[in-house]
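As provided, coords-v9.txt (compact mmCIF, C-alpha atoms) reads as follows.
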```txt
# COMPACT_ATOMS: atom_id res chain seq x y z
CA MET G 1 4.03 -73.97 59.29
CA ASN G 2 5.33 -72.27 56.16
CA SER G 3 3.13 -71.65 53.15
CA PRO G 4 4.34 -71.86 49.55
CA TYR G 5 5.47 -68.59 48.05
CA ILE G 6 7.09 -67.40 44.84
CA ILE G 7 10.45 -65.67 44.82
CA TYR G 8 12.37 -63.67 42.26
CA SER G 9 16.13 -63.67 42.82
CA LEU G 10 19.18 -64.06 40.62
CA SER G 11 21.18 -67.27 40.40
CA LYS G 12 24.39 -67.90 42.34
CA ASP G 13 26.52 -67.31 39.25
CA ARG G 14 24.90 -63.95 38.52
CA THR G 15 24.77 -61.51 41.41
CA THR G 16 23.52 -58.33 39.69
CA GLN G 17 21.48 -57.06 36.79
CA LYS G 18 21.36 -53.76 34.92
CA PHE G 19 18.80 -51.02 35.25
CA LEU G 20 16.55 -50.04 32.37
CA LYS G 21 18.00 -46.52 32.38
CA THR G 22 21.65 -45.46 32.25
CA LYS G 23 21.79 -42.03 33.89
CA PHE G 24 22.03 -41.75 37.68
CA GLN G 25 19.19 -39.22 37.90
CA ASP G 26 16.85 -41.38 35.81
CA ILE G 27 17.64 -44.52 37.78
CA ILE G 28 16.94 -42.80 41.10
CA LYS G 29 13.58 -41.61 39.77
CA ASP G 30 12.73 -45.14 38.60
CA VAL G 31 13.73 -46.68 41.95
CA GLU G 32 11.65 -44.04 43.75
CA MET G 33 8.62 -44.82 41.55
CA PHE G 34 8.95 -48.57 42.13
CA LEU G 35 9.25 -48.23 45.90
CA ALA G 36 6.37 -45.74 46.16
CA ASN G 37 3.95 -47.72 43.99
CA CYS G 38 4.82 -51.37 44.64
CA THR G 39 6.31 -51.56 48.15
CA THR G 40 5.92 -50.37 51.73
CA ALA G 41 9.21 -48.44 51.46
CA GLU G 42 10.04 -44.96 50.18
CA ILE G 43 13.25 -43.75 48.53
CA THR G 44 14.39 -42.28 51.87
CA ASP G 45 13.88 -45.58 53.73
CA VAL G 46 17.35 -46.87 52.93
CA VAL G 47 18.53 -49.35 55.60
CA SER G 48 22.18 -49.47 54.50
CA LEU G 49 24.07 -46.63 52.84
CA GLU G 50 27.80 -46.89 52.09
CA LEU G 51 30.43 -45.20 49.97
CA THR G 52 33.54 -47.19 48.99
CA ALA G 53 36.76 -46.10 47.27
CA TYR G 54 39.61 -48.34 46.11
CA THR G 55 43.36 -48.03 45.63
CA ALA G 56 45.07 -49.37 42.50
CA TYR G 57 44.93 -53.10 41.84
CA ASP G 58 47.79 -53.29 39.31
CA ALA G 59 49.80 -51.13 36.92
CA SER G 60 46.83 -50.74 34.57
CA ASP G 61 44.98 -48.65 37.16
CA PRO G 62 45.47 -44.85 37.38
CA ALA G 63 46.97 -44.96 40.88
CA GLU G 64 47.35 -41.19 41.35
CA LYS G 65 43.76 -40.51 40.30
CA LEU G 66 42.44 -43.19 42.65
CA GLU G 67 44.43 -41.73 45.55
CA GLU G 68 43.01 -38.32 44.67
CA ILE G 69 39.46 -39.70 44.88
CA ILE G 70 40.21 -41.19 48.31
CA THR G 71 41.75 -37.93 49.53
CA ASN G 72 38.85 -35.80 48.29
CA THR G 73 36.29 -38.18 49.77
CA SER G 74 38.10 -38.20 53.12
CA GLU G 75 38.17 -34.41 53.17
CA ARG G 76 34.43 -34.34 52.47
CA PHE G 77 33.19 -37.11 54.77
CA GLY G 78 36.01 -37.81 57.21
CA THR G 79 38.35 -40.77 57.45
CA GLY G 80 36.93 -43.98 56.02
CA CYS G 81 37.43 -47.50 57.35
CA LYS G 82 40.50 -48.92 55.58
CA GLU G 83 40.94 -52.64 54.93
CA PRO G 84 42.46 -54.91 52.24
CA ILE G 85 40.12 -56.23 49.58
CA ALA G 86 41.23 -59.79 50.41
CA PHE G 87 43.82 -61.93 52.16
CA HIS G 88 46.18 -64.26 50.31
CA TYR G 89 45.83 -68.01 50.84
CA PRO G 90 47.41 -69.85 52.55
CA SER G 91 49.75 -67.15 53.94
CA GLY G 92 46.98 -64.94 55.25
CA ASN G 93 48.88 -61.85 54.14
CA PRO G 94 46.71 -58.86 53.16
CA HIS G 95 46.28 -57.97 49.50
CA ALA G 96 48.12 -54.83 48.42
CA THR G 97 44.88 -53.23 47.21
CA ASN G 98 42.87 -51.47 49.90
CA LYS G 99 39.34 -50.19 50.09
CA TYR G 100 38.00 -47.30 52.15
CA THR G 101 34.41 -47.46 53.36
CA TRP G 102 32.17 -44.73 54.75
CA SER G 103 28.79 -45.55 56.31
CA PHE G 104 25.98 -43.01 56.49
CA THR G 105 22.50 -42.46 57.85
CA LYS G 106 19.62 -42.20 55.41
CA ASP G 107 19.45 -38.40 55.58
CA LYS G 108 22.69 -38.30 53.54
CA LEU G 109 21.19 -40.11 50.54
CA GLN G 110 20.66 -37.15 48.23
CA GLU G 111 24.06 -35.65 49.10
CA LEU G 112 25.77 -38.94 48.26
CA VAL G 113 23.92 -39.32 44.97
CA GLN G 114 25.02 -35.81 44.01
CA TYR G 115 28.59 -36.65 45.07
CA ILE G 116 28.64 -39.69 42.78
CA ILE G 117 27.26 -37.60 39.92
CA ALA G 118 29.87 -34.88 40.56
CA ASN G 119 32.66 -37.50 40.33
CA SER G 120 31.45 -38.83 36.99
CA PRO G 121 32.72 -39.89 34.57
CA MET G 122 35.08 -41.99 36.67
CA PRO G 123 38.44 -43.35 35.53
CA LYS G 124 38.53 -46.97 34.44
CA SER G 125 39.94 -49.27 37.11
CA ASN G 126 39.71 -52.87 38.25
CA PHE G 127 37.65 -51.95 41.33
CA GLY G 128 35.31 -49.03 41.90
CA PRO G 129 36.91 -46.61 41.80
CA LEU G 130 34.14 -44.93 43.81
CA GLU G 131 30.96 -46.86 44.63
CA LEU G 132 27.72 -45.92 46.36
CA SER G 133 25.67 -48.84 47.66
CA MET G 134 22.20 -48.72 49.19
CA THR G 135 19.78 -51.34 50.47
CA TYR G 136 16.00 -51.32 50.82
CA ASN G 137 13.77 -53.86 52.61
CA PHE G 138 10.03 -53.98 52.04
CA ASN G 139 6.76 -55.80 51.67
CA LEU G 140 4.88 -55.69 48.38
CA VAL G 141 1.69 -53.75 47.79
CA ASP G 142 -1.00 -53.67 45.11
CA PRO G 143 -0.04 -50.71 42.86
CA LYS G 144 -3.71 -50.02 42.12
CA ASN G 145 -4.84 -49.29 45.69
CA LYS G 146 -1.53 -49.36 47.63
CA SER G 147 -2.85 -52.06 49.98
CA GLU G 148 -0.24 -54.43 51.35
CA LEU G 149 -0.45 -57.96 49.96
CA PRO G 150 -1.65 -60.39 52.68
CA ASP G 151 0.34 -63.21 54.27
CA GLN G 152 3.83 -61.85 53.62
CA MET G 153 6.09 -63.79 55.96
CA SER G 154 9.40 -62.37 54.71
CA LYS G 155 10.46 -59.01 53.34
CA GLY G 156 11.92 -58.51 49.89
CA SER G 157 14.93 -56.34 49.19
CA LEU G 158 16.61 -54.20 46.57
CA LEU G 159 20.38 -53.64 46.61
CA VAL G 160 21.66 -50.82 44.42
CA TRP G 161 25.21 -50.04 43.31
CA PHE G 162 26.29 -46.80 41.63
CA SER G 163 29.84 -46.62 40.30
CA ARG G 164 31.24 -46.50 36.75
CA GLY G 165 28.41 -48.91 36.10
CA LYS G 166 24.97 -49.08 37.68
CA SER G 167 23.47 -52.36 38.83
CA CYS G 168 21.07 -53.90 41.31
CA SER G 169 20.24 -57.16 43.00
CA PRO G 170 16.50 -57.57 43.66
CA THR G 171 14.82 -60.19 45.82
CA LEU G 172 11.04 -60.09 45.48
CA ILE G 173 8.94 -62.42 47.61
CA PHE G 174 5.40 -62.87 46.33
CA PRO G 175 2.83 -64.34 48.79
CA PHE G 176 1.17 -66.54 46.18
CA GLU G 177 0.84 -70.26 46.80
CA GLN G 178 0.71 -71.09 43.11
CA ALA G 179 1.61 -69.51 39.78
CA ASP G 180 -2.02 -69.01 38.77
CA GLN G 181 -3.56 -66.21 36.71
CA GLN G 182 -3.89 -64.02 39.80
CA PHE G 183 -0.14 -64.19 40.29
CA TRP G 184 0.63 -63.36 36.67
CA ASN G 185 -1.84 -60.48 36.78
CA TYR G 186 0.08 -59.08 39.73
CA ILE G 187 3.39 -59.46 37.90
CA ASP G 188 1.95 -57.55 34.96
CA SER G 189 0.59 -54.83 37.26
CA ILE G 190 4.02 -54.02 38.74
CA ALA G 191 5.97 -54.40 35.49
CA PRO G 192 5.56 -50.73 34.43
CA TYR G 193 7.13 -49.60 37.74
CA LEU G 194 10.15 -51.91 37.82
CA PRO G 195 13.52 -50.13 37.37
CA PHE G 196 14.98 -53.38 36.00
CA ARG G 197 13.70 -56.08 33.66
CA LEU G 198 12.08 -58.91 35.54
CA GLU G 199 13.49 -62.03 33.90
CA GLU G 200 10.84 -64.66 34.45
CA LYS G 201 13.35 -67.52 34.30
CA TYR G 202 14.42 -66.47 37.81
CA LEU G 203 10.94 -66.93 39.28
CA ARG G 204 10.69 -70.00 41.50
CA ILE G 205 8.04 -71.41 43.83
CA ALA G 206 8.94 -72.74 47.27
CA HIS G 207 8.18 -76.39 47.94
CA VAL G 208 6.95 -77.03 51.49
CA ASN G 209 7.34 -80.55 52.88
CA LYS G 210 5.03 -82.34 55.34
CA GLN G 211 6.92 -80.81 58.25
CA GLY G 212 6.13 -77.33 56.96
CA GLU G 213 9.73 -76.65 55.92
CA VAL G 214 10.94 -75.14 52.67
CA ARG G 215 13.57 -77.49 51.30
CA SER G 216 13.56 -76.76 47.58
CA PHE G 217 12.39 -74.40 44.87
CA LYS G 218 10.92 -75.17 41.48
CA LYS G 219 11.01 -72.96 38.40
CA ILE G 220 7.70 -71.73 37.06
CA GLN G 221 6.59 -70.64 33.62
CA ARG G 222 3.91 -68.28 32.38
CA PRO G 223 1.16 -70.29 30.67
CA LEU G 224 1.10 -70.01 26.91
```
As structure tokens, how would this structure be written, given the file I've shared?
Amino acid sequence: MNSPYIIYSLSKDRTTQKFLKTKFQDIIKDVEMFLANCTTAEITDVVSLELTAYTAYDASDPAEKLEEIITNTSERFGTGCKEPIAFHYPSGNPHATNKYTWSFTKDKLQELVQYIIANSPMPKSNFGPLELSMTYNFNLVDPKNKSELPDQMSKGSLLVWFSRGKSCSPTLIFPFEQADQQFWNYIDSIAPYLPFRLEEKYLRIAHVNKQGEVRSFKKIQRPL
């Protein structure tokens, strides 16, 4: 039997949102503060850590510079996994643009952040050109006493991308059965720690049917 819960996640036509800060070092500090004060995870608890570099997409891309980034990254971290960014339809032929991916264990996090910083500013290109992605999974806690919120059936997540731009995709799952004052008080308590702006229009409450299944979500609004 599922219980109602409230979720914060972006819509299908918007996959990412910006951070409040613009510098890599400041963003990392903000992510670390959010994880330490509002979740069961720490900055080192990354569950997925990847570096991706891209070849030129068209003549507008600086092909030689992109190849140089790939070469330097391969010399530093070994040979990456090479694959086309897509396959043409209906022929199935691979796209001419390739991406190289390196996967790492969490102990490499700080080294990779410094590598991204050392390669900035990056040349303008259609993809990448060099992207660090990291994923965190967690339960939520009360920032006042660090106690884990009860009745959390699913973990939330935070996906982070560092490249020429910096963006994230958060999914926060709040174990509240209704959008009452207690819920809004909790939202306000974590707001100072969020590394992104929580856009309340993306808050929705799960509707549970008589069979105990979640079939739909309904938008909620803060009371006036």
Checklist line | Nearest candidate to Lys106 in chain G (options G:Ile190, G:Leu224, G:Val47, G:Ile70; using all atoms listed in the file) | finding: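 The shortest atom-to-atom distance to Lys106 in chain G comes from G:Val47.
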Next item on the list: Kindly give the distance, in Å, that separates CA of Gly165 in chain G and CA of Asn119 in chain G, rounded to a single decimal.
Entry: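 Interatomic distance here is 12.9 Å.
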Margin query: Would you pick out the contacts of Ser169 in chain G at 12 Å or less, using all atoms listed in the file, so that residues sharing its chain but fewer than 6 positions from it are not included, and give the list as a PyMOL selection string?
Written below: chain G and resi 8-12+14-19+133-136+156-161+195-198
Counting all atoms listed in the file, select every polymer residue within 7 Å of (9.8, -49.5, 52.3) as defined in the file's coordinates, and provide the selection as an mmCIF file with C-alpha atoms, in the coordinates of the input.
```cif
data_model
loop_
_atom_site.group_PDB
_atom_site.id
_atom_site.type_symbol
_atom_site.label_atom_id
_atom_site.label_comp_id
_atom_site.auth_asym_id
_atom_site.auth_seq_id
_atom_site.Cartn_x
_atom_site.Cartn_y
_atom_site.Cartn_z
ATOM 1 C CA LEU G 35 9.250 -48.230 45.900
ATOM 2 C CA THR G 39 6.310 -51.560 48.150
ATOM 3 C CA THR G 40 5.920 -50.370 51.730
ATOM 4 C CA ALA G 41 9.210 -48.440 51.460
ATOM 5 C CA GLU G 42 10.040 -44.960 50.180
ATOM 6 C CA ASP G 45 13.880 -45.580 53.730
ATOM 7 C CA TYR G 136 16.000 -51.320 50.820
ATOM 8 C CA ASN G 137 13.770 -53.860 52.610
ATOM 9 C CA PHE G 138 10.030 -53.980 52.040
#
```
Next item on the list: For each of G:Phe127, G:Tyr57, G:Tyr115, G:Tyr193, take the minimum atom-to-atom distance to Ala96 in chain G, counting all atoms listed in the file, then give the residue where this is smallest.
Entry: G:Tyr57
Next item on the list: Determine, counting all atoms listed in the file, every residue of protein, DNA or RNA that lies within 12 Å of (45.1, -41.5, 46.3) in the file coordinates, then give the result as a PyMOL selection string.
Entry: chain G and resi 53-56+61-74+97-100+129-130
Note to self: For a test of reading the model, state the distance in Å between CA of Leu140 in chain G and CA of Asn37 in chain G, rounded to one decimal.
What the structure shows: 9.1 Å
Checklist line | Selected residue of minimal separation from Leu109 in chain G among G:Thr22, G:Asn185, G:Ser48, G:Asn2, counting only C-alpha atoms | finding: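 Closest to Leu109 in chain G, using only C-alpha atoms: G:Ser48.
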Notebook entry, point to check: If you measure from CA of Pro143 in chain G to CA of Val31 in chain G, what distance in Å do you get, rounded to one decimal?
Noted result: 14.4 Å
